[in-house]
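Structure file coords-v9.txt (compact mmCIF, C-alpha atoms) is printed below.
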```txt
# COMPACT_ATOMS: atom_id res chain seq x y z
CA MET A 1 0.00 0.00 0.00
CA SER A 2 1.39 3.40 -0.95
CA ARG A 3 1.80 6.16 1.60
CA LEU A 4 -1.03 8.69 1.79
CA GLN A 5 -0.18 12.26 0.78
CA TRP A 6 -1.37 15.55 2.24
CA LYS A 7 -2.54 18.08 -0.35
CA PHE A 8 -3.66 21.67 -0.22
CA SER A 9 -7.30 22.07 -1.22
CA ASN A 10 -8.50 24.82 -3.50
CA LEU A 11 -10.87 27.38 -2.02
CA PRO A 12 -13.80 27.70 -1.79
CA ILE A 13 -14.39 24.24 -0.36
CA SER A 14 -17.35 22.34 -1.79
CA GLU A 15 -20.37 21.43 0.33
CA ASN A 16 -19.50 17.71 0.25
CA LEU A 17 -15.90 18.40 1.23
CA CYS A 18 -17.07 20.59 4.13
CA LEU A 19 -19.20 17.66 5.29
CA GLU A 20 -16.21 15.28 5.21
CA ILE A 21 -13.89 17.76 6.94
CA ALA A 22 -16.46 18.33 9.68
CA ARG A 23 -16.77 14.57 10.14
CA ILE A 24 -13.04 13.94 10.58
CA LEU A 25 -12.58 16.95 12.88
CA ARG A 26 -15.56 15.87 15.05
CA LEU A 27 -14.02 12.41 15.29
CA THR A 28 -10.52 13.59 16.15
CA THR A 29 -11.11 16.73 18.24
CA GLY A 30 -14.53 16.19 19.78
CA GLU A 31 -15.59 19.59 18.49
CA PRO A 32 -19.25 19.86 17.41
CA LEU A 33 -18.35 20.97 13.88
CA PHE A 34 -20.84 20.82 11.04
CA GLN A 35 -20.51 21.47 7.34
CA ASP A 36 -22.13 24.94 7.45
CA ARG A 37 -19.62 26.08 10.09
CA ILE A 38 -16.69 24.76 8.02
CA ALA A 39 -18.04 26.56 4.94
CA MET A 40 -18.08 29.89 6.84
CA LEU A 41 -14.47 29.75 8.04
CA PRO A 42 -12.30 32.57 6.68
CA LEU A 43 -9.51 30.26 5.52
CA ALA A 44 -6.27 31.71 4.20
CA LYS A 45 -4.82 30.94 0.79
CA ASN A 46 -3.85 27.25 1.03
CA GLY A 47 -5.74 27.25 4.33
CA ALA A 48 -6.89 23.64 4.02
CA LEU A 49 -4.59 20.62 4.02
CA LEU A 50 -6.34 17.30 3.42
CA LEU A 51 -5.28 13.67 3.69
CA ARG A 52 -7.34 11.26 1.59
CA GLN A 53 -7.62 7.48 1.59
CA ASN A 54 -9.73 6.04 -1.24
CA ASP A 55 -11.49 9.40 -1.74
CA VAL A 56 -12.35 9.67 1.96
CA ILE A 57 -10.89 12.48 4.08
CA VAL A 58 -8.85 10.86 6.89
CA GLY A 59 -6.97 13.97 7.97
CA SER A 60 -7.53 17.71 7.87
CA LEU A 61 -5.81 20.89 8.97
CA LEU A 62 -7.59 24.25 8.59
CA TRP A 63 -5.99 27.63 9.28
CA MET A 64 -6.58 31.33 8.85
CA LYS A 65 -4.56 34.53 9.15
CA THR A 66 -5.28 36.61 12.24
CA ASN A 67 -2.98 39.35 10.97
CA ASN A 68 -0.16 39.66 8.42
CA SER A 69 2.31 37.67 10.51
CA THR A 70 0.17 35.24 12.54
CA ALA A 71 -1.78 32.11 11.61
CA ARG A 72 -4.40 30.43 13.76
CA ILE A 73 -5.06 26.72 13.49
CA LEU A 74 -8.83 26.22 13.39
CA GLY A 75 -8.86 22.44 13.34
CA PHE A 76 -6.34 19.64 12.93
CA GLY A 77 -6.88 15.93 13.10
CA VAL A 78 -5.74 12.60 11.69
CA HIS A 79 -7.99 9.53 11.85
CA PRO A 80 -7.20 7.58 15.05
CA GLU A 81 -6.27 4.45 13.07
CA LEU A 82 -3.57 6.44 11.23
CA GLN A 83 -2.13 8.34 14.18
CA GLY A 84 1.45 7.55 15.13
CA ASN A 85 2.52 6.96 11.52
CA GLY A 86 4.05 10.38 10.87
CA TYR A 87 1.09 11.89 9.01
CA GLY A 88 0.63 14.69 11.54
CA THR A 89 4.31 15.58 11.40
CA GLU A 90 4.27 15.55 7.60
CA CYS A 91 1.29 17.90 7.61
CA TRP A 92 2.93 20.22 10.14
CA HIS A 93 6.06 20.48 7.96
CA MET A 94 3.92 21.34 4.92
CA LEU A 95 2.04 23.93 6.95
CA THR A 96 5.15 25.66 8.29
CA ALA A 97 6.73 25.74 4.81
CA GLU A 98 3.56 27.38 3.46
CA LEU A 99 3.44 29.87 6.33
CA LEU A 100 7.04 30.90 5.72
CA LYS A 101 6.26 31.28 2.02
CA GLN A 102 3.45 33.66 3.01
CA LYS A 103 5.79 35.48 5.46
CA ILE A 104 3.80 34.32 8.48
CA MET A 105 6.07 33.93 11.48
CA GLN A 106 3.78 32.84 14.33
CA VAL A 107 1.18 30.11 14.87
CA THR A 108 -1.47 29.96 17.58
CA LEU A 109 -4.07 27.35 18.45
CA GLU A 110 -6.33 26.15 21.21
CA VAL A 111 -6.60 22.55 22.38
CA ARG A 112 -8.67 20.80 25.04
CA GLU A 113 -6.70 20.47 28.27
CA SER A 114 -7.66 16.75 28.37
CA ASN A 115 -6.20 16.11 24.90
CA THR A 116 -2.73 15.20 26.13
CA ASN A 117 -1.81 13.43 22.88
CA ALA A 118 -2.41 16.63 20.90
CA ILE A 119 -0.65 18.80 23.49
CA ASN A 120 2.39 16.50 23.39
CA PHE A 121 2.34 16.52 19.58
CA TYR A 122 2.25 20.32 19.47
CA ARG A 123 5.01 20.57 22.09
CA SER A 124 7.15 18.26 19.94
CA LYS A 125 6.67 20.71 17.05
CA GLY A 126 7.85 23.64 19.17
CA LEU A 127 4.57 25.12 20.38
CA ILE A 128 4.54 26.43 23.93
CA PRO A 129 1.50 26.55 26.23
CA LYS A 130 0.78 30.22 26.98
CA GLY A 131 -2.21 29.93 29.29
CA TRP A 132 -5.68 28.66 29.96
CA ILE A 133 -8.89 29.74 28.28
CA GLU A 134 -11.72 29.23 30.75
CA ASN A 135 -14.98 27.86 29.31
CA TYR A 136 -13.51 27.67 25.79
CA TYR A 137 -14.88 24.17 25.43
CA GLN A 138 -18.09 22.95 26.98
CA GLU A 139 -17.20 21.82 30.51
CA GLU A 140 -13.47 22.09 29.85
CA ARG A 141 -10.68 24.65 29.66
CA GLY A 142 -8.66 25.21 26.55
CA VAL A 143 -4.90 25.49 26.40
CA LEU A 144 -3.61 28.38 24.29
CA MET A 145 -0.41 27.35 22.50
CA GLU A 146 1.95 29.43 20.35
CA GLN A 147 5.02 29.01 18.22
CA ARG A 148 7.34 31.47 16.59
CA ILE A 149 8.32 29.81 13.30
CA LYS A 150 12.03 29.54 12.88
CA THR A 151 13.58 30.26 9.51
CA GLU A 152 16.91 28.81 8.46
CA ASN A 153 18.46 32.18 9.41
CA SER A 154 16.89 32.48 12.87
```

As structure tokens - that is how I would like this structure written.
Amino acid sequence: MSRLQWKFSNLPISENLCLEIARILRLTTGEPLFQDRIAMLPLAKNGALLLRQNDVIVGSLLWMKTNNSTARILGFGVHPELQGNGYGTECWHMLTAELLKQKIMQVTLEVRESNTNAINFYRSKGLIPKGWIENYYQEERGVLMEQRIKTENS
């Protein structure tokens, strides 16, 4: 079996694709995302990275610009059966290369405080917890994480 490949998706995202993205992000993050909410997101250029297996979305990363130098991750997940195989790391490398290309130097995101696997993954990529966000998730705090993207010169 050949290795799955992440690809940037062209915007705007179709209704069916929004449905699939919402499904994988609900499965992997526990967020109550639905296709209409995905369709409304103000994604940046190349703001959607998708991992497909037999025409089914098994991984997704969505991001937007919050200003000219900062990106915010809106949702990131890889199907549980594929986690631990390097797909998340591959996606993160593609994302950071794209951000540098767009002259974006900082990434922020929020993650459930109970999602220790995601927190550990983000820490391994250089993100640092910056604080708690009370009531960000229903019945749970969020952890705000940030990373200053390093260029080859910095």

_Using all atoms listed in the file and a cutoff of 12 Å, can you tell me which residues are near (-5.4, 10.9, 25.1) in the file's coordinates, and write them out as a list in words?_
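Those within range, by chain then number, are Thr28, Thr29, Gly30, Pro80, Gln83, Arg112, Glu113, Ser114, Asn115, Thr116, Asn117, Ala118, Ile119, Asn120 and Phe121 of chain A.
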
Selected residues written out, C-alpha atoms, as a PDB file, keeping the file's coordinate frame:
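What follows is the written file out.pdb:
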```
ATOM      1  CA  THR A  28     -10.520  13.590  16.150  1.00  0.00           C
ATOM      2  CA  THR A  29     -11.110  16.730  18.240  1.00  0.00           C
ATOM      3  CA  GLY A  30     -14.530  16.190  19.780  1.00  0.00           C
ATOM      4  CA  PRO A  80      -7.200   7.580  15.050  1.00  0.00           C
ATOM      5  CA  GLN A  83      -2.130   8.340  14.180  1.00  0.00           C
ATOM      6  CA  ARG A 112      -8.670  20.800  25.040  1.00  0.00           C
ATOM      7  CA  GLU A 113      -6.700  20.470  28.270  1.00  0.00           C
ATOM      8  CA  SER A 114      -7.660  16.750  28.370  1.00  0.00           C
ATOM      9  CA  ASN A 115      -6.200  16.110  24.900  1.00  0.00           C
ATOM     10  CA  THR A 116      -2.730  15.200  26.130  1.00  0.00           C
ATOM     11  CA  ASN A 117      -1.810  13.430  22.880  1.00  0.00           C
ATOM     12  CA  ALA A 118      -2.410  16.630  20.900  1.00  0.00           C
ATOM     13  CA  ILE A 119      -0.650  18.800  23.490  1.00  0.00           C
ATOM     14  CA  ASN A 120       2.390  16.500  23.390  1.00  0.00           C
ATOM     15  CA  PHE A 121       2.340  16.520  19.580  1.00  0.00           C
TER      16      PHE A 121
END
```

*Smallest atom-to-atom distance to Arg148 of chain A: which of A:Ile128, A:Ile21, A:Ile38, A:Leu27, using all atoms listed in the file?*
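Of A:Ile128, A:Ile21, A:Ile38, A:Leu27, the one nearest Arg148 of chain A is A:Ile128, counting all atoms listed in the file.
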
*For a cut-off of 12 Å around (1.5, 15.4, 10.3), file coordinates, pick out all residues using all atoms listed in the file and list them as a VMD selection string.*
chain A and resid 4 to 7 49 to 51 58 to 61 76 to 79 82 to 96 118 121 to 122 124 to 125

_Could you list, as a ChimeraX atom specification, every residue within 6 Å of Gln35 of chain A, counting all atoms listed in the file and ignoring same-chain residues fewer than 3 positions away?_
/A:18-19,22,38

*asked:* Can you measure atom CA of Gln147 of chain A to atom CA of Met105 of chain A for me? One decimal in Å is fine.
replied: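 Separation of atom CA of Gln147 of chain A and atom CA of Met105 of chain A: 8.4 Å.
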
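Minimum distance to Met40 of chain A across A:Leu11, A:Arg23, A:Leu99, A:Glu140 (counting only C-alpha atoms) occurs at A:Leu11.
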
*Calculate how many Å separate atom CA of Pro129 of chain A from atom CA of Gly75 of chain A, rounding to one decimal.*
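Pair atom CA of Pro129 of chain A / atom CA of Gly75 of chain A returns 17.0 Å.
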
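Going from atom CA of Ile133 of chain A to atom CA of Arg72 of chain A covers 15.2 Å.
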
*Go through A:Ile73, A:Ile149, A:Ile24, A:Ala44 and flag the residue nearest Leu100 of chain A, using all atoms listed in the file for the distances.*
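Among the listed residues, the smallest separation from Leu100 of chain A belongs to A:Ile149.
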
Output, as JSON, the centre and edge lengths in Å (one decimal) of the axis-aligned box that contains all listed atoms of segment 113-131 of chain A with 4 Å of margin on each side.
```
{"center_x": 0.1, "center_y": 21.8, "center_z": 23.2, "size_x": 23.5, "size_y": 24.8, "size_z": 20.2}
```

*Mind checking which residues fall within 9 Å of Ile13 of chain A, counting only C-alpha atoms, ignoring those fewer than 3 positions away in the same chain, and posting them as a PyMOL selection string?*
chain A and resi 9-10+16-18+38-39+48

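Take the candidates A:Lys130, A:Arg141, A:Lys150, A:Arg123 and check each one against Lys103 of chain A using only C-alpha atoms; the shortest distance goes to A:Lys150.
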
*asked:* From the options A:Leu74, A:Glu31, A:Trp63, A:Glu134, which residue's atoms come nearest to Ile104 of chain A, counting all atoms listed in the file?
replied: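 Of A:Leu74, A:Glu31, A:Trp63, A:Glu134, the one nearest Ile104 of chain A, counting all atoms listed in the file, is A:Trp63.
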